[in-house]
Every structure is written in structure tokens, then in C-alpha cells.
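Engineer: Mind looking over this structure? Questions follow.
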Amino acid sequence: MNYEEFREAGHSLVDYIANYLEQLKDKPLFPDVEPSMMYSLFDEPIPNSPISLSAIQKTLEEKLVPYCAHVNHPGYMGLITPSPNPAGILGDFLAAALNQNVGAYTIGPSATAMELQVVRWLNDLIGFDAKAGGNLTSGGMMANFIGLKLARDCTSGDTIQYEGVQDKWAVYTSEERHVSIDKAVDAIGIGRNSLRAIPTDENYQVRIDALEEALEKDKKEGIRPLCIVGLGGTTNLGAVDDLEALHVIAHREECWFHVDAAYGGGMLLSLENKGLLKGLHLADSVTIDPHKWFYAPLDVGAVLVKDHDQLTRSFGIQHPYLMDQNQKKNERYQFYVHGFEQSKRFRSLKVWMSFQHYGKDQMGSWVDKNINQARHLHQLACNSTDFESATEPKMSAICIRYKAEGLSNEQLSLLHIQVAERIERAGQYWFATTELKGKTWFRINPVNLNTTIETMDSLFKTLQKYCREAEELF
Ligand SMILES: Cc1ncc(COP(=O)(O)O)c(C=O)c1O
């Protein structure tokens with residue numbers, strides 16, 4: 001290995017990244033090219049003639065970087081992927097070099113200790129006591145899957161992980177859930193039809209009366225509640241269910257209570273908007289994604305579990321080839337015994353470095369800034385005659401909508417999709433469209449260190465202009 005070349009190329013790459021992050025705001029946010037052009041860029045046989053790292057960096061500067069979706073751009077307010085904080089970026093760089101495998105203590109002793117500590121910090125934020133545990137995961141999808149598996153095993157008296165699903169079970173959650181809950185219900189073997197999508201009220205919170213009705217109906221048909229999944233921040237709007245009420249019902253029904261706070265978990269850092277996730281500590285398990293609103297680079301999600309031992313009861317299989325004499329002394333924590341993954345990325349380092357470098361409160365002030373930006377946009381929409389806002393944002397996700405009197409619902413839906421596409425092509429902003437209660441909305445969600453109030457002002461002006469122009473064409 002040529003470490004001299006590594007050193008030089010590494011310095012050059014870090015310089016390039018720093019310039020990229022500093023100068024990005026003047027570049028187009030999203031590439032206006034056809035996917036086929038993108039695929040042809042990398043269409044070549046496996047290279048067999050060595051190329052220097054500096055030449056490779058040049059190729060990347062030409063072929064990869066210009067065609068990225070630049071989530072660090074101030075105008076990126078789309079699907080929940082943050083602008084990563086620089087300390088976290090360095091954390092992932094070092095994690096790759098050390099290549100610690102956190103699945104087993106012997107392949108990462110200090111990394112295991114750090115991973116446990118970061119899990120502890122997240123449990124502290126929730127308010128879970130010393131009995132709690134957890135796993136860092138690839139994201140909210142996997143964290144929700146683990147939460148639902150724990151639910152399945154615990155509610156069945158720890159039988160299903162051995163005997164398979166014998167009885168009829170159902171999982172209850174809001175119609176505003178993320179699709180990861182549907183996938184998890186499928187993956188734990190009770191079938192997607194066993195998910196009960198309960199309607200929400202005008203604040204997009206799950207309706208407790210409708211939940212009670214669904215439970216009653218199922219009971220009459222011999223279907224038992226396996227888990228209630230509360231939402232600690234919906235993907236569309238950051239709406240938070242009544243977690244205390246859901247806990248009372250889960251307790252009464254003797255089933256697991258999981259809360260999906262993959263996005264909303266960032267509110268635990270907020271200084272100005274505390275208390276929104278009231279009752280979170282009552283959950284049996286909670287999903288929080290540091291790679292969303294803790295501004296960590298992908299990937300790092302987390303499932304936090306009130307009773308650590310449920311992780312062991314659900315996942316604790318030890319194959320002989322993984323046995324380690326010392327482990328019998330119970331001194332070496334083995335994530336593979338208390339979680340799903342065996343080979344396991346060292347995800348905690350970037351989160352640990354973020355907290356160390358910025359401190360919890362500074363990270364909380366970033367969260368509050370994003371909330372203020374969303375509220376500002378809400379005000380702009382409310383003050384205008386041609387836009388409406390679904391609700392005042394509790395978090396940074398906001399849905400607004402153009403109201404053209406003369407257009408049908410279908411035409412308006414098309415208008416929103418066309419405007420979002422045109423704005424994507426113009427390259428200054430990126431956001432999504434979504435459906436809420438039968439209508440199409442712009443879904444705008446800054447989880448971004450570089451967005452400002454001015455970004456929101458100019459975005460709103462752009463939206464007004466493009467929507468009015470689009471209306472003319474109908
Ligand atoms: C509420 C919620 N849960 C789960 C997920 C899935 O998270 P991930 O994309 O990290 O797998 C998302 C993603 O946006 C989400 O908003």
C-alpha cells in the first residue's frame with residue numbers, strides 16, 4: 001500500500017469537500033438530465049488498469065458530484081435527508097478507516113463501548129431508565145421492523161420467535177404512518193392485511209375513538225392486538241399522536257406500544273419547542289433516526305427499547321463459531337446477540353462526534369431554526385389569498401397548496417405535480433408533493449443547516465409565480 005499517495009489524495013479530497021460545502025449554494029440543486037444519460041456515465045466493464053487516486057478524484061468531480069441531489073444546498077427541503085454536519089462527515093471517514101465491526105466485541109471493543117454510550121444518550125433524551133437498551137440501525141425502516149418484531153415476540157409471551165404465528169393478530173396505527181410500518185407488519189409474518197390504518201382528526205392525529213372501534217371489531221372476530229404504533233412526528237406534517245392515550249390503551253390490551261419518531265425524535269433536542277413528544281417515555285420501543293434531524297450523515301437510525309432484555313429474548317441465538325470464552329463472564333457486550341445484524345457498521349462514531357463537537361443545545365438550535373423557517377412559510381401562505389397551509393407546523397414539515405378556484409381537484413393535483421417538476425428543473429429548490437385527505441400538496445421540509453428565512457421568502461415567491469403561470473395553461 002502506498003500511504004504517501006493516500007495521504008496526499010486524502011488532503012486533496014478534504015479540501016475539495018470543504019470547497020464543495022462552502023460554494024454549493026450557487027450550483028443547480030438537482031441534475032436536469034435524463035436517467036439514461038446518468039446510467040451511461042458509469043457504463044463500463046470492471047477496470048483492470050490501475051488509476052491514480054488523484055485521477056480518480058478528477059473523474060468523480062466530473063461524473064459523480066455535478067449530478068448529485070445536493071442535499072447541502074439551502075433549497076433542499078425534500079424527503080427527510082439532512083445536510084450532514086461536518087463533524088459527522090469526519091466521523092464516517094474515520095469509521096471506514098478503523099473498520100470496526102460492532103456486531104461482536106472482539107472486532108471493536110472501544111467502538112462497542114461508544115455505540116452503547118450513544119444508545120444510552122438517546123435513551124436519556126427519551127427518558128428511559130438504566131434498564132433500557134437499543135440498536136443503531138440502517139434507518140427508520142429497519143428500526144421500525146425491529147420494534148415490531150419485539151412487539152410480536154413480547155405480546156405472544158415469547159413464543160412466536162420459536163413456533164411461528166399461530167393466532168390472528170393485528171397492528172393498529174394512524175393512516176398517516178410511514179410505509180415502513182406496513183413493511184414491518186409483513187416482515188413479522190402476520191401479513192399486511194393485519195395492519196389497521198386508523199383515520200386521523202383535523203390535526204392529523206390518530207382518532208382514539210376510531211382506534212377503540214377497530215379494537216372492538218377485531219375482538220369480536222377473534223383477532224388480538226399485537227401492537228399499537230404511535231407517531232411521534234408524521235412524515236407529511238410532523239403531527240404527534242396522543243401518546244399518553246395510546247399508552248393507556250396498549251396497557252389495557254396487554255400489547256406492545258411502539259412509537260415511530262424517526263423524524264420527530266429531533267424535537268428532543270429543541271430548546272424552544274420542548275414537550276411536543278409528551279408521553280414518549282411510556283413507549284416500549286421508539287424509533288429515532290439521527291440521520292434525519294440530528295443532522296448525521298447516512299446511515300444511522302435507532303431503535304430504543306425500554307426493557308433491554310426483550311432484545312435478548314427476541315434475537316438471542318448464539319452459533320458456536322461466534323462463541324468467545326470471555327463472553328461467558330458476561331463482560332463483553334455482543335450486539336449480534338441483542339439485535340438483528342451480525343456484521344455491523346460503526347454508526348455511533350459520527351453521532352458521538354456531532355454531540356462532542358457542537359453540543360446538544362447547538363444542535364437543538366438548528367432544529368428550532370428549521371421549525372421557524374416552516375412557520376414562516378406557513379404565515380406567508382396564510383397571508384396570501386391563493387395558498388392554504390394544512391396546519392401550523394409543529395415541526396419543520398409543512399404542506400401548502402395553491403387554491404385556484406376554477407380548477408377541479410384532478411387539475412389542481414396535476415398543477416402541483418407539474419410545478420414541483422418545473423421547480424426541480426430550475427435547480428434552486430427541491431421539495432416533494434404529497435396527498436393529504438384526498439388533495440395534493442407541496443410537502444416542504446427543511447432538515448437543513450443552510451436553509452434560512454430568506455430561502456423561504458424566495459421559495460414562496462417562486463411558488464406563486466410558477467403556480468399562477470401553470471393555472472393560465474388549464
Ligand atoms: C416517520 C418515519 N418513519 C420511518 C421512516 C423511514 O426511515 P429511513 O428512511 O431512515 O429508513 C421515515 C422516513 O422518512 C419516516 O418519516
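Just remember, in the C-alpha cells the first chain shown is A, the second B, etc., residues are 1-based per chain, and ligands are 1-based in the order shown.
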Taking only C-alpha atoms and all ligand atoms into account, which residues have an atom no farther than 7 Å from ligand 1? I'd like them as a ChimeraX atom specification.
Structural biologist: /A:79-80,138-142,144,177-178,180,231,233-235,260-263,289,301
Engineer: In stretch 17-169 of chain A, what's strand (DSSP E) per DSSP? Answer as a ChimeraX atom specification?
Structural biologist: /A:133-137,169
Engineer: Could you write out that same residue set with N, CA and C atoms as a PDB file, in the first residue's frame?
Structural biologist:
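Heads up, here's the output in out_0.pdb:
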ATOM      1  N   GLY A 133     -32.196  -0.384  26.444  1.00  0.00           N
ATOM      2  CA  GLY A 133     -31.119  -0.723  25.509  1.00  0.00           C
ATOM      3  C   GLY A 133     -31.506  -0.264  24.126  1.00  0.00           C
ATOM      4  N   GLY A 134     -30.828  -0.803  23.138  1.00  0.00           N
ATOM      5  CA  GLY A 134     -31.193  -0.418  21.775  1.00  0.00           C
ATOM      6  C   GLY A 134     -30.149  -0.832  20.768  1.00  0.00           C
ATOM      7  N   ASN A 135     -30.477  -0.568  19.527  1.00  0.00           N
ATOM      8  CA  ASN A 135     -29.576  -0.857  18.403  1.00  0.00           C
ATOM      9  C   ASN A 135     -29.527   0.342  17.481  1.00  0.00           C
ATOM     10  N   LEU A 136     -28.351   0.681  17.004  1.00  0.00           N
ATOM     11  CA  LEU A 136     -28.291   1.624  15.885  1.00  0.00           C
ATOM     12  C   LEU A 136     -28.503   0.804  14.613  1.00  0.00           C
ATOM     13  N   THR A 137     -29.244   1.374  13.685  1.00  0.00           N
ATOM     14  CA  THR A 137     -29.679   0.614  12.514  1.00  0.00           C
ATOM     15  C   THR A 137     -29.366   1.397  11.236  1.00  0.00           C
ATOM     16  N   TRP A 169     -53.612 -11.871  14.627  1.00  0.00           N
ATOM     17  CA  TRP A 169     -53.164 -10.663  15.308  1.00  0.00           C
ATOM     18  C   TRP A 169     -53.383  -9.443  14.415  1.00  0.00           C
TER      19      TRP A 169
END
Engineer: Quick one: of A:Asn2, A:Thr434, A:Thr452, A:Ser396, who's nearest to A:Leu414, counting only C-alpha atoms?
Structural biologist: A:Thr434
Engineer: Between atom CA of A:Leu280 and atom CA of A:Asn445, what distance in Å does the model show, to one decimal?
Structural biologist: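 Between these atoms lies a distance of 22.7 Å.
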Engineer: Give the answer as one residue: which of A:His258, A:Arg332, A:His308, A:His251 has the shortest atom-to-atom distance to A:Thr287, using only C-alpha atoms?
Structural biologist: A:His258
Engineer: Rounded to one decimal place, report the atom CA of A:Asp386-atom CA of A:Glu469 distance in Å.
Structural biologist: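 Distance between the two atoms: 12.9 Å.
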Engineer: I'd like the neighbourhood of A:Tyr20 as JSON, numbers by chain, where a residue qualifies if any of its atoms comes within 12 Å (using only C-alpha atoms), though same-chain residues fewer than 2 positions away should be ignored.
Structural biologist: {"A": [13, 14, 15, 16, 17, 18, 22, 23, 24, 25, 26, 27, 61, 65, 66, 68, 70, 71, 72, 73, 86]}
Engineer: So that I can see what lies close to A:Arg152, please list as an MDAnalysis selection string the residues with an atom at most 12 Å from it, counting only C-alpha atoms and leaving out residues fewer than 6 positions away in the same chain.
Structural biologist: chainID A and resid 145:146 158:171 184:190 224:228 254:258 310:311 313:314
Engineer: Suppose we keep C-alpha atoms; can you now write the selection as a PDB file, in the first residue's frame?
Structural biologist:
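Written output follows (result28.pdb):
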ATOM      1  CA  PHE A 145     -39.022  -3.582  11.783  1.00  0.00           C
ATOM      2  CA  ILE A 146     -37.088  -4.433  14.955  1.00  0.00           C
ATOM      3  CA  ASP A 158     -42.071 -15.000  23.656  1.00  0.00           C
ATOM      4  CA  THR A 159     -43.476 -17.911  21.719  1.00  0.00           C
ATOM      5  CA  ILE A 160     -43.761 -16.701  18.121  1.00  0.00           C
ATOM      6  CA  GLN A 161     -39.992 -16.459  17.587  1.00  0.00           C
ATOM      7  CA  TYR A 162     -39.938 -20.247  18.166  1.00  0.00           C
ATOM      8  CA  GLU A 163     -43.289 -21.538  16.966  1.00  0.00           C
ATOM      9  CA  GLY A 164     -44.228 -19.087  14.241  1.00  0.00           C
ATOM     10  CA  VAL A 165     -47.516 -17.225  14.031  1.00  0.00           C
ATOM     11  CA  GLN A 166     -50.415 -19.419  15.178  1.00  0.00           C
ATOM     12  CA  ASP A 167     -53.130 -16.912  16.087  1.00  0.00           C
ATOM     13  CA  LYS A 168     -54.791 -13.974  14.387  1.00  0.00           C
ATOM     14  CA  TRP A 169     -53.164 -10.663  15.308  1.00  0.00           C
ATOM     15  CA  ALA A 170     -53.473  -7.026  14.247  1.00  0.00           C
ATOM     16  CA  VAL A 171     -51.295  -3.913  14.460  1.00  0.00           C
ATOM     17  CA  ALA A 184     -42.641  -4.395   9.128  1.00  0.00           C
ATOM     18  CA  VAL A 185     -46.104  -5.882   9.641  1.00  0.00           C
ATOM     19  CA  ASP A 186     -45.468  -8.002   6.559  1.00  0.00           C
ATOM     20  CA  ALA A 187     -41.938  -8.968   7.638  1.00  0.00           C
ATOM     21  CA  ILE A 188     -43.015 -10.225  11.075  1.00  0.00           C
ATOM     22  CA  GLY A 189     -45.285 -12.699   9.348  1.00  0.00           C
ATOM     23  CA  ILE A 190     -48.779 -11.535  10.225  1.00  0.00           C
ATOM     24  CA  ARG A 224     -55.868  -9.961  19.077  1.00  0.00           C
ATOM     25  CA  PRO A 225     -53.926  -6.667  19.315  1.00  0.00           C
ATOM     26  CA  LEU A 226     -50.204  -7.257  18.867  1.00  0.00           C
ATOM     27  CA  CYS A 227     -49.011  -3.674  18.886  1.00  0.00           C
ATOM     28  CA  ILE A 228     -50.162  -0.080  18.788  1.00  0.00           C
ATOM     29  CA  GLU A 254     -51.687  -6.034  27.124  1.00  0.00           C
ATOM     30  CA  CYS A 255     -49.946  -5.328  23.860  1.00  0.00           C
ATOM     31  CA  TRP A 256     -46.695  -3.588  22.901  1.00  0.00           C
ATOM     32  CA  PHE A 257     -46.566   0.176  22.358  1.00  0.00           C
ATOM     33  CA  HIS A 258     -44.086   1.333  19.714  1.00  0.00           C
ATOM     34  CA  GLN A 310     -36.534  -8.086  25.281  1.00  0.00           C
ATOM     35  CA  LEU A 311     -33.808  -7.601  22.658  1.00  0.00           C
ATOM     36  CA  ARG A 313     -35.218 -12.731  24.225  1.00  0.00           C
ATOM     37  CA  SER A 314     -36.079 -11.825  20.630  1.00  0.00           C
TER      38      SER A 314
END
Engineer: For A:Gly230, work out the shell of residues within 7 Å, counting only C-alpha atoms and skipping chain neighbours fewer than 4 positions away, then give it as a list in words.
Structural biologist: Thr173, Asp241, Leu243, Leu246, His258, Val259 and Asp260 of chain A
Engineer: Go ahead and save the residues from that selection, with N, CA and C atoms, as a PDB file, in the first residue's frame.
Structural biologist:
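As written to disk, out00.pdb reads:
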ATOM      1  N   THR A 173     -52.387   1.498  13.786  1.00  0.00           N
ATOM      2  CA  THR A 173     -51.602   2.724  13.647  1.00  0.00           C
ATOM      3  C   THR A 173     -52.378   3.734  12.806  1.00  0.00           C
ATOM      4  N   ASP A 241     -49.223  11.945  17.612  1.00  0.00           N
ATOM      5  CA  ASP A 241     -50.420  11.325  18.202  1.00  0.00           C
ATOM      6  C   ASP A 241     -50.466  11.591  19.708  1.00  0.00           C
ATOM      7  N   LEU A 243     -49.825  10.323  22.647  1.00  0.00           N
ATOM      8  CA  LEU A 243     -49.045   9.153  23.063  1.00  0.00           C
ATOM      9  C   LEU A 243     -49.504   8.630  24.422  1.00  0.00           C
ATOM     10  N   LEU A 246     -52.620   6.577  23.853  1.00  0.00           N
ATOM     11  CA  LEU A 246     -52.290   5.309  23.188  1.00  0.00           C
ATOM     12  C   LEU A 246     -51.650   4.341  24.176  1.00  0.00           C
ATOM     13  N   HIS A 258     -45.271   0.824  20.426  1.00  0.00           N
ATOM     14  CA  HIS A 258     -44.086   1.333  19.714  1.00  0.00           C
ATOM     15  C   HIS A 258     -44.384   2.743  19.227  1.00  0.00           C
ATOM     16  N   VAL A 259     -43.396   3.623  19.288  1.00  0.00           N
ATOM     17  CA  VAL A 259     -43.591   4.971  18.735  1.00  0.00           C
ATOM     18  C   VAL A 259     -42.566   5.206  17.631  1.00  0.00           C
ATOM     19  N   ASP A 260     -43.076   5.602  16.458  1.00  0.00           N
ATOM     20  CA  ASP A 260     -42.195   5.951  15.349  1.00  0.00           C
ATOM     21  C   ASP A 260     -41.915   7.450  15.400  1.00  0.00           C
TER      22      ASP A 260
END
Engineer: Would you list the contacts of A:Ser174 as a ChimeraX atom specification, taking every protein, DNA or RNA residue within 8 Å and counting only C-alpha atoms, but skipping same-chain residues closer than 3 positions in sequence?
Structural biologist: /A:177,196-200,205-206,229-231
Engineer: Considering only C-alpha atoms, state which residue in the set A:Gln464, A:Thr155, A:Asn85, A:Asn48 is at the smallest distance from A:Lys350.
Structural biologist: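 Checking each of A:Gln464, A:Thr155, A:Asn85, A:Asn48 against A:Lys350, counting only C-alpha atoms, the winner is A:Asn85.
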Engineer: To one decimal place, how far is atom CA of A:Tyr105 from atom CA of A:Gln334 in Å?
Structural biologist: 5.6 Å
Engineer: Mind checking DSSP for stretch 8-118 of chain A and telling me the alpha helix (DSSP H) residues as a VMD selection string?
Structural biologist: chain A and resid 8 to 23 35 to 41 53 to 63 86 to 98 109 to 118
Engineer: Can you pull out the residues contacting stretch 31-37 of chain A? Cut-off 12 Å, using only C-alpha atoms, and skip same-chain residues under 6 positions away; I want them as a ChimeraX atom specification.
Structural biologist: /A:43,63-70,421-430
Engineer: Which residue is closest to A:Phe93? Choose from A:Leu29, A:Leu21, A:Met353, A:Val447 and count only C-alpha atoms.
Structural biologist: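 Looking at the shortest contact to A:Phe93, the residue is A:Met353.
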